[in-house]
Amino acid sequence: MAFSRQLAAIMFADIVGYTALMESDESLAMSSRERLKNKLEEVVNDHGGRLLEFHGDGALCSFTSTLASVKAATALQLEMQRPPLVPLRIGIHTGDVLVDDNSVYGDGVNIASRMESFAVPGSIFISSKAYDDVKNQKEVSAISMGRYLLKNVKGQMEIFAISNPGLVIPNAEILEGKAKQFDKKIFLFYHL
């Protein structure tokens with residue numbers, strides 16, 4: 001199998017609480033999943049992306065443009081907040097990835113996954129690298145959620161929440177995910 005390297009905007013989307021919903025109401029879980037899949041295919045295609053994987057309640061998508069990925073994520077998130085609500089969280093990172101015909105691999109994918117793990121229903125979280133690509137675009141607003149040491153990722157990274165109208169912006173103090181909030185004093189103490 002041949003791989004190539006390229007820069008890509010990687011987007012993860014996941015239905016929050018899907019496993020519990022499947023246990024309590026299979027019909028609702030399956031209709032939420034189908035609604036997400038249909039809209040996801042539409043917005044990814046409309047924004048020049050590729051839907052690479054859709055398993056259970058989650059999806060992995062790739063775009064050649066960070067701005068296109070954020071626009072697709074915003075359209076998807078706003079649609080999923082309309083009744084019947086689908087509690088969706090989305091994470092995006094831009095980075096160098098390995099690509100084959102079917103998927104993408106590498107640190108860029110792992111970091112996008114970490115962004116998604118921090119997001120809350122109704123929100124879109126992006127890495128500082130993705131933020132650098134869209135910060136001067138007038139159609140995108142974002143606010144910092146703080147700096148984090150991400151699980152299995154070297155160095156600390158700032159996480160941003162897209163703050164366009166209609167999107168959820170969580171309280172940064174209650175975020176949970178696969179990382180620890182970066183505290184410069186503690187970091188310096190342990191690394192001196």
# chains A, B, ... in the order shown; residues from 1 in each chain; ligands from 1
$ select_by_dssp --residues "stretch 36-179 of chain A" --states "helix (DSSP H, G or I)" --output "JSON, numbers by chain"
{"A": [36, 37, 38, 39, 40, 41, 42, 43, 44, 45, 46, 66, 67, 68, 69, 70, 71, 72, 73, 74, 75, 76, 77, 78, 79, 80, 107, 108, 109, 110, 111, 112, 113, 114, 115, 116, 117, 118, 128, 129, 130, 131, 132, 133, 134, 172, 173, 174]}
$ closest_atom_pairs --of "stretch 66-99 of chain A" --to "stretch 3-24 of chain A" --cutoff "7 Å" --atoms "only C-alpha atoms" --output "CSV"
residue,atom,partner,partner_atom,distance
A:Thr66,CA,A:Ala9,CA,5.1
A:Ser69,CA,A:Ala9,CA,6.5
A:Val86,CA,A:Ile15,CA,6.9
A:Pro87,CA,A:Val16,CA,5.5
A:Leu88,CA,A:Ile15,CA,4.5
A:Arg89,CA,A:Asp14,CA,5.5
A:Ile90,CA,A:Ala13,CA,4.4
A:Gly91,CA,A:Phe12,CA,5.2
A:Ile92,CA,A:Met11,CA,4.5
A:His93,CA,A:Ile10,CA,5.5
A:Thr94,CA,A:Ala9,CA,4.2
A:Gly95,CA,A:Leu7,CA,5.4
A:Asp96,CA,A:Leu7,CA,4.4
A:Val97,CA,A:Arg5,CA,5.7
A:Leu98,CA,A:Arg5,CA,4.7
A:Val99,CA,A:Ser4,CA,5.3
$ write_last_selection --atoms "N, CA and C atoms" --output "PDB file, in the first residue's frame"
ATOM      1  N   THR A  66      -8.442  24.409   5.902  1.00  0.00           N
ATOM      2  CA  THR A  66      -8.929  24.537   7.277  1.00  0.00           C
ATOM      3  C   THR A  66     -10.223  25.332   7.296  1.00  0.00           C
ATOM      4  N   SER A  69     -13.071  23.185   6.380  1.00  0.00           N
ATOM      5  CA  SER A  69     -13.434  22.244   7.447  1.00  0.00           C
ATOM      6  C   SER A  69     -14.250  22.941   8.532  1.00  0.00           C
ATOM      7  N   VAL A  86     -29.379  16.317  17.952  1.00  0.00           N
ATOM      8  CA  VAL A  86     -28.343  15.286  17.978  1.00  0.00           C
ATOM      9  C   VAL A  86     -27.159  15.916  18.707  1.00  0.00           C
ATOM     10  N   PRO A  87     -26.834  15.435  19.932  1.00  0.00           N
ATOM     11  CA  PRO A  87     -25.761  16.053  20.734  1.00  0.00           C
ATOM     12  C   PRO A  87     -24.385  15.720  20.163  1.00  0.00           C
ATOM     13  N   LEU A  88     -23.908  16.592  19.300  1.00  0.00           N
ATOM     14  CA  LEU A  88     -22.685  16.353  18.536  1.00  0.00           C
ATOM     15  C   LEU A  88     -21.539  17.206  19.061  1.00  0.00           C
ATOM     16  N   ARG A  89     -20.349  16.619  19.092  1.00  0.00           N
ATOM     17  CA  ARG A  89     -19.137  17.390  19.380  1.00  0.00           C
ATOM     18  C   ARG A  89     -18.178  17.192  18.211  1.00  0.00           C
ATOM     19  N   ILE A  90     -17.415  18.259  17.906  1.00  0.00           N
ATOM     20  CA  ILE A  90     -16.532  18.237  16.737  1.00  0.00           C
ATOM     21  C   ILE A  90     -15.161  18.787  17.116  1.00  0.00           C
ATOM     22  N   GLY A  91     -14.111  18.154  16.591  1.00  0.00           N
ATOM     23  CA  GLY A  91     -12.750  18.619  16.784  1.00  0.00           C
ATOM     24  C   GLY A  91     -12.020  18.695  15.452  1.00  0.00           C
ATOM     25  N   ILE A  92     -11.174  19.720  15.299  1.00  0.00           N
ATOM     26  CA  ILE A  92     -10.433  19.941  14.047  1.00  0.00           C
ATOM     27  C   ILE A  92      -8.982  20.289  14.358  1.00  0.00           C
ATOM     28  N   HIS A  93      -8.087  19.724  13.572  1.00  0.00           N
ATOM     29  CA  HIS A  93      -6.661  20.073  13.626  1.00  0.00           C
ATOM     30  C   HIS A  93      -6.121  20.069  12.195  1.00  0.00           C
ATOM     31  N   THR A  94      -5.186  20.948  11.938  1.00  0.00           N
ATOM     32  CA  THR A  94      -4.511  20.997  10.647  1.00  0.00           C
ATOM     33  C   THR A  94      -3.089  20.503  10.843  1.00  0.00           C
ATOM     34  N   GLY A  95      -2.675  19.565   9.994  1.00  0.00           N
ATOM     35  CA  GLY A  95      -1.316  19.064  10.142  1.00  0.00           C
ATOM     36  C   GLY A  95      -0.880  18.190   8.994  1.00  0.00           C
ATOM     37  N   ASP A  96       0.345  17.764   9.085  1.00  0.00           N
ATOM     38  CA  ASP A  96       0.957  16.876   8.115  1.00  0.00           C
ATOM     39  C   ASP A  96       0.494  15.460   8.429  1.00  0.00           C
ATOM     40  N   VAL A  97      -0.072  14.768   7.456  1.00  0.00           N
ATOM     41  CA  VAL A  97      -0.604  13.420   7.663  1.00  0.00           C
ATOM     42  C   VAL A  97      -0.136  12.486   6.548  1.00  0.00           C
ATOM     43  N   LEU A  98      -0.210  11.203   6.837  1.00  0.00           N
ATOM     44  CA  LEU A  98       0.004  10.171   5.825  1.00  0.00           C
ATOM     45  C   LEU A  98      -1.350   9.830   5.236  1.00  0.00           C
ATOM     46  N   VAL A  99      -1.421   9.728   3.914  1.00  0.00           N
ATOM     47  CA  VAL A  99      -2.695   9.507   3.234  1.00  0.00           C
ATOM     48  C   VAL A  99      -2.580   8.304   2.315  1.00  0.00           C
TER      49      VAL A  99
END
$ closest_residue --among "A:Glu116, A:Glu53, A:Asp101, A:Glu158" --to "A:Lys129" --atoms "only C-alpha atoms"
A:Glu158
$ closest_residue --among "A:Leu149, A:Pro83, A:Met157, A:Asp25" --to "A:Ser128" --atoms "only C-alpha atoms"
A:Met157
$ select_by_dssp --residues "stretch 25-157 of chain A" --states "strand (DSSP E)" --output "VMD selection string"
chain A and resid 50 to 55 58 to 63 88 to 99 104 to 105 123 to 127 142 to 150 156 to 157
$ write_last_selection --atoms "C-alpha atoms" --output "mmCIF file, in the first residue's frame"
data_model
loop_
_atom_site.group_PDB
_atom_site.id
_atom_site.type_symbol
_atom_site.label_atom_id
_atom_site.label_comp_id
_atom_site.auth_asym_id
_atom_site.auth_seq_id
_atom_site.Cartn_x
_atom_site.Cartn_y
_atom_site.Cartn_z
ATOM 1 C CA ARG A 50 -13.816 13.506 2.131
ATOM 2 C CA LEU A 51 -15.747 11.369 4.607
ATOM 3 C CA LEU A 52 -13.127 8.721 5.344
ATOM 4 C CA GLU A 53 -14.718 6.721 8.153
ATOM 5 C CA PHE A 54 -18.148 6.514 9.727
ATOM 6 C CA HIS A 55 -18.345 3.937 12.499
ATOM 7 C CA GLY A 58 -18.419 8.910 14.951
ATOM 8 C CA ALA A 59 -16.804 10.137 11.767
ATOM 9 C CA LEU A 60 -13.360 11.027 10.443
ATOM 10 C CA CYS A 61 -13.203 13.566 7.605
ATOM 11 C CA SER A 62 -10.376 15.232 5.681
ATOM 12 C CA PHE A 63 -10.278 18.624 3.942
ATOM 13 C CA LEU A 88 -22.685 16.353 18.536
ATOM 14 C CA ARG A 89 -19.137 17.390 19.380
ATOM 15 C CA ILE A 90 -16.532 18.237 16.737
ATOM 16 C CA GLY A 91 -12.750 18.619 16.784
ATOM 17 C CA ILE A 92 -10.433 19.941 14.047
ATOM 18 C CA HIS A 93 -6.661 20.073 13.626
ATOM 19 C CA THR A 94 -4.511 20.997 10.647
ATOM 20 C CA GLY A 95 -1.316 19.064 10.142
ATOM 21 C CA ASP A 96 0.957 16.876 8.115
ATOM 22 C CA VAL A 97 -0.604 13.420 7.663
ATOM 23 C CA LEU A 98 0.004 10.171 5.825
ATOM 24 C CA VAL A 99 -2.695 9.507 3.234
ATOM 25 C CA VAL A 104 -5.344 9.366 6.954
ATOM 26 C CA TYR A 105 -2.821 8.592 9.693
ATOM 27 C CA SER A 123 -19.426 22.943 20.129
ATOM 28 C CA ILE A 124 -16.508 22.891 17.683
ATOM 29 C CA PHE A 125 -12.974 22.836 19.108
ATOM 30 C CA ILE A 126 -9.914 23.540 16.993
ATOM 31 C CA SER A 127 -6.185 23.381 17.669
ATOM 32 C CA ALA A 142 -13.143 31.778 18.047
ATOM 33 C CA ILE A 143 -12.157 32.104 21.693
ATOM 34 C CA SER A 144 -9.365 30.439 23.644
ATOM 35 C CA MET A 145 -10.220 27.622 26.045
ATOM 36 C CA GLY A 146 -6.677 27.629 27.453
ATOM 37 C CA ARG A 147 -3.479 25.648 27.003
ATOM 38 C CA TYR A 148 -3.356 21.895 27.549
ATOM 39 C CA LEU A 149 -0.879 19.061 27.697
ATOM 40 C CA LEU A 150 -2.582 16.523 25.447
ATOM 41 C CA GLN A 156 1.370 22.020 25.197
ATOM 42 C CA MET A 157 -1.301 23.292 22.842
#
$ residues_around --residues "A:Leu76" --least-positions-apart "2" --cutoff "7 Å" --atoms "only C-alpha atoms" --output "list of chain:residue names"
A:Lys39, A:Leu40, A:Val43, A:Ala72, A:Ala73, A:Thr74, A:Leu78, A:Glu79, A:Met80
$ write_last_selection --atoms "N, CA and C atoms" --output "CSV table (one decimal), in the first residue's frame"
chain,number,residue,atom,x,y,z
A,39,LYS,N,-26.5,14.2,6.8
A,39,LYS,CA,-26.1,15.6,6.8
A,39,LYS,C,-24.5,15.7,6.7
A,40,LEU,N,-23.8,14.9,7.3
A,40,LEU,CA,-22.4,14.9,7.2
A,40,LEU,C,-21.9,14.6,5.8
A,43,VAL,N,-22.6,18.0,3.9
A,43,VAL,CA,-21.8,19.2,4.1
A,43,VAL,C,-20.3,18.9,3.8
A,72,ALA,N,-17.8,23.6,7.2
A,72,ALA,CA,-18.5,22.3,7.1
A,72,ALA,C,-19.0,22.0,8.5
A,73,ALA,N,-18.0,22.1,9.5
A,73,ALA,CA,-18.4,21.7,10.9
A,73,ALA,C,-19.5,22.6,11.4
A,74,THR,N,-19.4,23.9,11.1
A,74,THR,CA,-20.4,24.9,11.6
A,74,THR,C,-21.8,24.5,11.0
A,78,LEU,N,-24.9,23.3,13.4
A,78,LEU,CA,-26.1,24.1,13.5
A,78,LEU,C,-27.3,23.2,13.1
A,79,GLU,N,-27.1,22.4,12.1
A,79,GLU,CA,-28.2,21.5,11.7
A,79,GLU,C,-28.5,20.5,12.8
A,80,MET,N,-27.5,19.9,13.5
A,80,MET,CA,-27.7,18.9,14.5
A,80,MET,C,-28.4,19.5,15.8
$ closest_residue --among "A:Arg33, A:Lys138, A:Lys151, A:His47" --to "A:Asp107" --atoms "only C-alpha atoms"
A:Lys151
$ atom_distance --atom1 "atom CA of A:Ala75" --atom2 "atom CA of A:Val109"
21.5 Å
$ atom_distance --atom1 "atom CA of A:Lys154" --atom2 "atom CA of A:Asp133"
21.1 Å
$ closest_residue --among "A:Gly155, A:Gly106, A:Pro165, A:Gly122" --to "A:Arg82" --atoms "only C-alpha atoms"
A:Gly122
